[in-house]
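Below: the structure, in C-alpha cells.
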Amino acid sequence: MGTARSATKELRLRAILDAATELLVEKPTASLNEIAEYAGIGIATLHRYVASREQLMLQLGLRAAQVVEETMSRIPLDEESSETYISQLVEALIPLGDKIYFLAHETSLNYNPEMSAAEEKLKEPIRHMIQLLQRKGHFRQDMSSEWILNVLYSLLFVTWQQVHEGHVAKKAAAALVLETLYHGFKASKP
C-alpha cells in the first residue's frame with residue numbers, strides 16, 4: 001500500500017513540475033499561486049510538495065536533469081559510434097528545450113550544490129566523448145575538452161532561447177547548432 005501511495009505521489013509531483021515548467025517558460029515570474037492554479041491544484045496542495053519557490057525551482061532543475069539523463073542514456077557511448085555521438089546528442093536534446101529553457105535564467109540554481117552535481121553528472125559522458133573525438137582527430141587538440149563542452153552547452157541554451165523567441169525554427173535548430181559547432185561563422189570560399 002505504501003509503495004502505491006508513494007508512486008502516486010511521485011506521479012502527481014511530476015505532473016505539477018511539468019505544469020510549472022510549461023507556465024514558467026511563458027511567464028518566468030509566475031507566483032506559486034499562479035503555478036498551483038495552472039497545475040489545477042490549490043496552493044495548499046502545492047505546498048505539500050514544495051515549501052518555497054526556491055525549492056520548486058530546485059525540483060524543476062533536478063527533473064530537467066533527469067529528463068536529459070534519460071534521453072542521453074539512449075545514445076550509444078562506445079568508440080564505434082563516437083563520430084555520430086555529438087550529432088545524436090544535439091538531435092535528442094533540442095526537443096527538450098521547452099523543459100529546460102527557463103532554467104538558464106533561474107539564478108537560484110547557479111550555486112546549488114545538488115543542481116551542480118546533477119549537471120556535472122550530465123556533462124561527464126559528453127566530456128568523455130569529446131576527449132575521445134579529440135584523440136581520434138575529429139576535434140582540435142589545442143583546445144581543452146572543457147572549452148569544447150562549454151561551447152556546446154552554451155550553444156544548446158542559446159538555441160533553445162532562440163527557438164522559444166521565434167528566431168530559429170525548431171526543425172532547423174539541431175543543424176544550426178552542429179554547423180556552428182563544427183564550422184563556426186566563417187564563410188565558405190567560392
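Chain lettering (A, B, ...) mirrors the order of the C-alpha cells, residue numbering begins at 1 for each chain separately, and ligand numbering begins at 1 in order of display.
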
Next on the checklist: Residues near Leu156 in chain A, anyone? I mean within 10 Å using only C-alpha atoms, not counting same-chain ones fewer than 5 positions away, as a ChimeraX atom specification.
Outcome noted: /A:90,93-94,97,101,150-151,161-162,173-174,177-178

Please provide as a JSON list (two decimals) with all heavy atoms, in the first residue's frame all residues within 12 Å of Thr29 in chain A, with the sequence filter that same-chain residues fewer than 2 positions apart are discarded (counting only C-alpha atoms).
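Generated output (around_29.json):
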```json
[["chain", "number", "residue", "atom", "x", "y", "z"],
["A", 20, "ALA", "N", 4.28, 23.37, -14.07],
["A", 20, "ALA", "CA", 5.08, 24.53, -13.67],
["A", 20, "ALA", "C", 6.08, 24.90, -14.77],
["A", 20, "ALA", "O", 6.27, 26.09, -15.07],
["A", 20, "ALA", "CB", 5.82, 24.25, -12.36],
["A", 21, "THR", "N", 6.68, 23.92, -15.38],
["A", 21, "THR", "CA", 7.62, 24.17, -16.46],
["A", 21, "THR", "C", 6.94, 24.87, -17.62],
["A", 21, "THR", "O", 7.45, 25.87, -18.14],
["A", 21, "THR", "CB", 8.25, 22.84, -16.96],
["A", 21, "THR", "OG1", 8.94, 22.24, -15.87],
["A", 21, "THR", "CG2", 9.21, 23.07, -18.10],
["A", 23, "LEU", "N", 4.27, 26.73, -17.63],
["A", 23, "LEU", "CA", 3.93, 28.10, -17.27],
["A", 23, "LEU", "C", 5.17, 28.98, -17.17],
["A", 23, "LEU", "O", 5.19, 30.10, -17.68],
["A", 23, "LEU", "CB", 3.16, 28.14, -15.94],
["A", 23, "LEU", "CG", 2.77, 29.54, -15.45],
["A", 23, "LEU", "CD1", 1.89, 30.25, -16.47],
["A", 23, "LEU", "CD2", 2.09, 29.45, -14.10],
["A", 24, "LEU", "N", 6.22, 28.48, -16.56],
["A", 24, "LEU", "CA", 7.43, 29.29, -16.36],
["A", 24, "LEU", "C", 8.16, 29.60, -17.66],
["A", 24, "LEU", "O", 8.85, 30.61, -17.75],
["A", 24, "LEU", "CB", 8.36, 28.61, -15.36],
["A", 24, "LEU", "CG", 7.85, 28.63, -13.92],
["A", 24, "LEU", "CD1", 8.65, 27.67, -13.05],
["A", 24, "LEU", "CD2", 7.86, 30.03, -13.35],
["A", 25, "VAL", "N", 8.00, 28.76, -18.67],
["A", 25, "VAL", "CA", 8.57, 29.07, -19.98],
["A", 25, "VAL", "C", 7.89, 30.31, -20.54],
["A", 25, "VAL", "O", 8.54, 31.19, -21.09],
["A", 25, "VAL", "CB", 8.44, 27.87, -20.94],
["A", 25, "VAL", "CG1", 8.70, 28.29, -22.38],
["A", 25, "VAL", "CG2", 9.40, 26.77, -20.54],
["A", 26, "GLU", "N", 6.59, 30.38, -20.36],
["A", 26, "GLU", "CA", 5.83, 31.53, -20.87],
["A", 26, "GLU", "C", 5.87, 32.73, -19.93],
["A", 26, "GLU", "O", 5.85, 33.87, -20.38],
["A", 26, "GLU", "CB", 4.36, 31.12, -21.11],
["A", 26, "GLU", "CG", 4.20, 30.06, -22.17],
["A", 26, "GLU", "CD", 4.82, 30.46, -23.51],
["A", 26, "GLU", "OE1", 4.67, 31.62, -23.93],
["A", 26, "GLU", "OE2", 5.46, 29.59, -24.12],
["A", 27, "LYS", "N", 5.92, 32.46, -18.63],
["A", 27, "LYS", "CA", 5.89, 33.54, -17.65],
["A", 27, "LYS", "C", 6.88, 33.21, -16.52],
["A", 27, "LYS", "O", 6.49, 32.66, -15.49],
["A", 27, "LYS", "CB", 4.48, 33.70, -17.09],
["A", 27, "LYS", "CG", 4.33, 34.89, -16.17],
["A", 27, "LYS", "CD", 2.91, 35.04, -15.67],
["A", 27, "LYS", "CE", 2.83, 36.24, -14.75],
["A", 27, "LYS", "NZ", 1.51, 36.36, -14.16],
["A", 31, "SER", "N", 3.97, 33.37, -9.93],
["A", 31, "SER", "CA", 3.98, 33.12, -8.49],
["A", 31, "SER", "C", 3.59, 31.67, -8.21],
["A", 31, "SER", "O", 3.08, 30.97, -9.10],
["A", 31, "SER", "CB", 2.97, 34.05, -7.80],
["A", 31, "SER", "OG", 1.65, 33.67, -8.17],
["A", 32, "LEU", "N", 3.80, 31.24, -6.98],
["A", 32, "LEU", "CA", 3.38, 29.89, -6.59],
["A", 32, "LEU", "C", 1.86, 29.74, -6.75],
["A", 32, "LEU", "O", 1.39, 28.67, -7.15],
["A", 32, "LEU", "CB", 3.82, 29.57, -5.17],
["A", 32, "LEU", "CG", 5.31, 29.33, -4.97],
["A", 32, "LEU", "CD1", 5.62, 29.04, -3.50],
["A", 32, "LEU", "CD2", 5.82, 28.20, -5.85],
["A", 33, "ASN", "N", 1.11, 30.78, -6.43],
["A", 33, "ASN", "CA", -0.34, 30.73, -6.61],
["A", 33, "ASN", "C", -0.70, 30.50, -8.07],
["A", 33, "ASN", "O", -1.58, 29.69, -8.39],
["A", 33, "ASN", "CB", -1.01, 32.01, -6.10],
["A", 33, "ASN", "CG", -1.11, 32.04, -4.60],
["A", 33, "ASN", "OD1", -1.24, 31.01, -3.95],
["A", 33, "ASN", "ND2", -1.04, 33.23, -4.03],
["A", 34, "GLU", "N", -0.03, 31.21, -8.98],
["A", 34, "GLU", "CA", -0.29, 31.05, -10.40],
["A", 34, "GLU", "C", 0.10, 29.65, -10.88],
["A", 34, "GLU", "O", -0.58, 29.04, -11.69],
["A", 34, "GLU", "CB", 0.47, 32.10, -11.21],
["A", 34, "GLU", "CG", -0.07, 33.51, -11.02],
["A", 34, "GLU", "CD", 0.83, 34.57, -11.63],
["A", 34, "GLU", "OE1", 2.06, 34.55, -11.35],
["A", 34, "GLU", "OE2", 0.30, 35.42, -12.38],
["A", 35, "ILE", "N", 1.21, 29.15, -10.35],
["A", 35, "ILE", "CA", 1.66, 27.80, -10.72],
["A", 35, "ILE", "C", 0.66, 26.76, -10.24],
["A", 35, "ILE", "O", 0.30, 25.85, -10.98],
["A", 35, "ILE", "CB", 3.08, 27.53, -10.16],
["A", 35, "ILE", "CG1", 4.10, 28.42, -10.91],
["A", 35, "ILE", "CG2", 3.44, 26.06, -10.26],
["A", 35, "ILE", "CD1", 5.47, 28.48, -10.28],
["A", 53, "ARG", "N", 9.33, 28.76, -3.48],
["A", 53, "ARG", "CA", 9.65, 28.90, -4.90],
["A", 53, "ARG", "C", 11.05, 28.35, -5.17],
["A", 53, "ARG", "O", 11.28, 27.70, -6.18],
["A", 53, "ARG", "CB", 9.54, 30.36, -5.34],
["A", 53, "ARG", "CG", 9.80, 30.54, -6.83],
["A", 53, "ARG", "CD", 9.64, 31.99, -7.26],
["A", 53, "ARG", "NE", 10.06, 32.17, -8.61],
["A", 53, "ARG", "CZ", 9.32, 31.98, -9.69],
["A", 53, "ARG", "NH1", 8.07, 31.59, -9.56],
["A", 53, "ARG", "NH2", 9.80, 32.17, -10.90],
["A", 57, "MET", "N", 12.00, 25.47, -7.80],
["A", 57, "MET", "CA", 12.99, 25.63, -8.87],
["A", 57, "MET", "C", 14.03, 24.51, -8.81],
["A", 57, "MET", "O", 14.44, 23.99, -9.85],
["A", 57, "MET", "CB", 13.67, 26.99, -8.79],
["A", 57, "MET", "CG", 12.74, 28.11, -9.16],
["A", 57, "MET", "SD", 11.99, 27.80, -10.77],
["A", 57, "MET", "CE", 11.02, 29.23, -10.97],
["A", 102, "PHE", "N", 13.91, 27.77, -19.41],
["A", 102, "PHE", "CA", 13.82, 28.75, -18.33],
["A", 102, "PHE", "C", 14.89, 28.55, -17.26],
["A", 102, "PHE", "O", 15.24, 29.46, -16.53],
["A", 102, "PHE", "CB", 12.43, 28.77, -17.70],
["A", 102, "PHE", "CG", 12.18, 27.62, -16.79],
["A", 102, "PHE", "CD1", 12.41, 27.73, -15.44],
["A", 102, "PHE", "CD2", 11.74, 26.41, -17.29],
["A", 102, "PHE", "CE1", 12.19, 26.66, -14.60],
["A", 102, "PHE", "CE2", 11.52, 25.34, -16.46],
["A", 102, "PHE", "CZ", 11.75, 25.46, -15.11],
["A", 105, "HIS", "N", 17.81, 30.87, -16.96],
["A", 105, "HIS", "CA", 17.56, 32.20, -16.40],
["A", 105, "HIS", "C", 17.25, 32.16, -14.91],
["A", 105, "HIS", "O", 17.04, 33.20, -14.30],
["A", 105, "HIS", "CB", 16.40, 32.85, -17.16],
["A", 105, "HIS", "CG", 16.63, 32.87, -18.64],
["A", 105, "HIS", "ND1", 17.55, 33.68, -19.23],
["A", 105, "HIS", "CD2", 16.08, 32.14, -19.63],
["A", 105, "HIS", "CE1", 17.57, 33.47, -20.53],
["A", 105, "HIS", "NE2", 16.67, 32.54, -20.79],
["A", 106, "GLU", "N", 17.22, 30.98, -14.34],
["A", 106, "GLU", "CA", 16.89, 30.84, -12.91],
["A", 106, "GLU", "C", 18.17, 30.85, -12.09],
["A", 106, "GLU", "O", 18.83, 29.84, -11.91],
["A", 106, "GLU", "CB", 16.09, 29.55, -12.69],
["A", 106, "GLU", "CG", 15.64, 29.34, -11.27],
["A", 106, "GLU", "CD", 14.90, 30.53, -10.70],
["A", 106, "GLU", "OE1", 14.00, 31.08, -11.36],
["A", 106, "GLU", "OE2", 15.23, 30.91, -9.56]]
```

Checklist entry - Skipping near chain neighbours, those fewer than 3 positions away, what residues fall within 8 Å of range 121-127 of chain A using only C-alpha atoms, listed as a VMD selection string? => result chain A and resid 65 68 to 69 77 117 to 118 130 to 131 145 to 146 149

With N, CA, C and O atoms kept, could you save the residues just selected as a CSV table (one decimal), in the first residue's frame?
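File again.csv, as written:
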```csv
chain,number,residue,atom,x,y,z
A,65,ALA,N,17.2,17.7,-15.3
A,65,ALA,CA,18.4,16.9,-15.4
A,65,ALA,C,18.1,15.4,-15.6
A,65,ALA,O,18.7,14.7,-16.4
A,68,VAL,N,16.9,14.9,-19.2
A,68,VAL,CA,18.1,14.9,-20.1
A,68,VAL,C,18.9,13.6,-19.9
A,68,VAL,O,19.3,13.0,-20.9
A,69,GLU,N,19.1,13.2,-18.7
A,69,GLU,CA,19.9,12.0,-18.4
A,69,GLU,C,19.2,10.8,-19.1
A,69,GLU,O,19.8,9.9,-19.7
A,77,LEU,N,27.4,5.1,-26.2
A,77,LEU,CA,28.6,5.8,-25.7
A,77,LEU,C,29.8,4.9,-25.9
A,77,LEU,O,30.7,4.8,-25.1
A,117,ALA,N,25.9,19.1,-8.9
A,117,ALA,CA,26.2,17.7,-9.0
A,117,ALA,C,25.4,17.0,-10.1
A,117,ALA,O,26.0,16.2,-10.9
A,118,ALA,N,24.2,17.4,-10.3
A,118,ALA,CA,23.4,16.8,-11.3
A,118,ALA,C,23.9,17.2,-12.7
A,118,ALA,O,24.0,16.4,-13.6
A,130,ILE,N,34.0,13.9,-26.1
A,130,ILE,CA,34.7,14.9,-26.7
A,130,ILE,C,36.2,14.6,-26.6
A,130,ILE,O,37.0,14.8,-27.6
A,131,GLN,N,36.7,14.1,-25.5
A,131,GLN,CA,38.1,13.7,-25.4
A,131,GLN,C,38.4,12.6,-26.3
A,131,GLN,O,39.5,12.6,-27.0
A,145,SER,N,39.1,20.0,-23.7
A,145,SER,CA,37.8,19.4,-23.8
A,145,SER,C,36.7,20.2,-23.0
A,145,SER,O,35.5,20.2,-23.4
A,146,GLU,N,37.1,20.8,-21.9
A,146,GLU,CA,36.2,21.6,-21.1
A,146,GLU,C,35.7,22.8,-21.9
A,146,GLU,O,34.5,23.1,-21.9
A,149,LEU,N,33.2,21.4,-24.5
A,149,LEU,CA,32.0,21.1,-23.8
A,149,LEU,C,31.1,22.3,-23.5
A,149,LEU,O,29.9,22.3,-23.7
```

Checklist outcome for this item: One residue among A:Glu91, A:Asp98, A:Glu37, A:Glu114 is nearest to Ala175 in chain A when using only C-alpha atoms, and that residue is A:Glu91

Next on the checklist: Between A:Glu179, A:Lys171, A:Thr3, A:Leu58, which residue has the minimum interatomic distance to Pro113 in chain A, considering only C-alpha atoms?
Outcome noted: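 With only C-alpha atoms as the atom set, the closest residue is A:Leu58.
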
Item to check | Distance of CA of Gln88 in chain A from CA of Ser144 in chain A, expressed in Å to one decimal place | outcome: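 Going from CA of Ser144 in chain A over to CA of Gln88 in chain A, I get 21.8 Å.
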
Checklist entry - Could you pull the residues within 12 Å of Arg12 in chain A, counting only C-alpha atoms, minus those fewer than 5 positions along the same chain, as a VMD selection string? => result chain A and resid 5 to 7 17 to 19 39 to 41 45 to 46 48 to 49

Checklist entry - Which residue, A:Met143, A:Leu109, A:Ile43, A:Leu155, has the smallest gap to Gln55 in chain A when you use only C-alpha atoms? => result A:Leu109

Item to check | Of the listed residues A:Ile148, A:Leu96, A:Leu181, A:Ala15, that which approaches Ala64 in chain A most closely, counting only C-alpha atoms | outcome: A:Leu96

Test item: residues at most 8 Å from Leu89 in chain A, only C-alpha atoms, excluding those fewer than 4 positions along its chain, as a compact mmCIF listing (two decimals) with N, CA and C atoms, in the first residue's frame:
```
# COMPACT_ATOMS: atom_id res chain seq x y z
N MET A 72 19.79 11.06 -22.80
CA MET A 72 21.19 10.77 -23.14
C MET A 72 21.51 9.28 -23.00
N ILE A 75 21.62 7.15 -26.14
CA ILE A 75 22.63 7.41 -27.17
C ILE A 75 23.85 6.55 -26.85
N TYR A 85 28.15 10.67 -32.13
CA TYR A 85 27.62 10.95 -30.80
C TYR A 85 27.12 12.39 -30.66
N LEU A 93 18.57 16.39 -27.77
CA LEU A 93 18.36 17.41 -26.74
C LEU A 93 17.56 18.62 -27.22
```

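Among the candidate residues A:Glu120, A:Lys136, A:Gly61, A:Lys170, the one lying nearest to Thr107 in chain A is A:Gly61, with distances computed using only C-alpha atoms.
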
Item to check | DSSP alpha helix (DSSP H) residues within range 138-181 of chain A, listed as a PyMOL selection string | outcome: chain A and resi 145-164+170-181

Checklist entry - Of the residues A:Gln134, A:Ser87, A:Asp142, A:Glu70, which is the one nearest to Leu176 in chain A, using only C-alpha atoms? => result A:Ser87
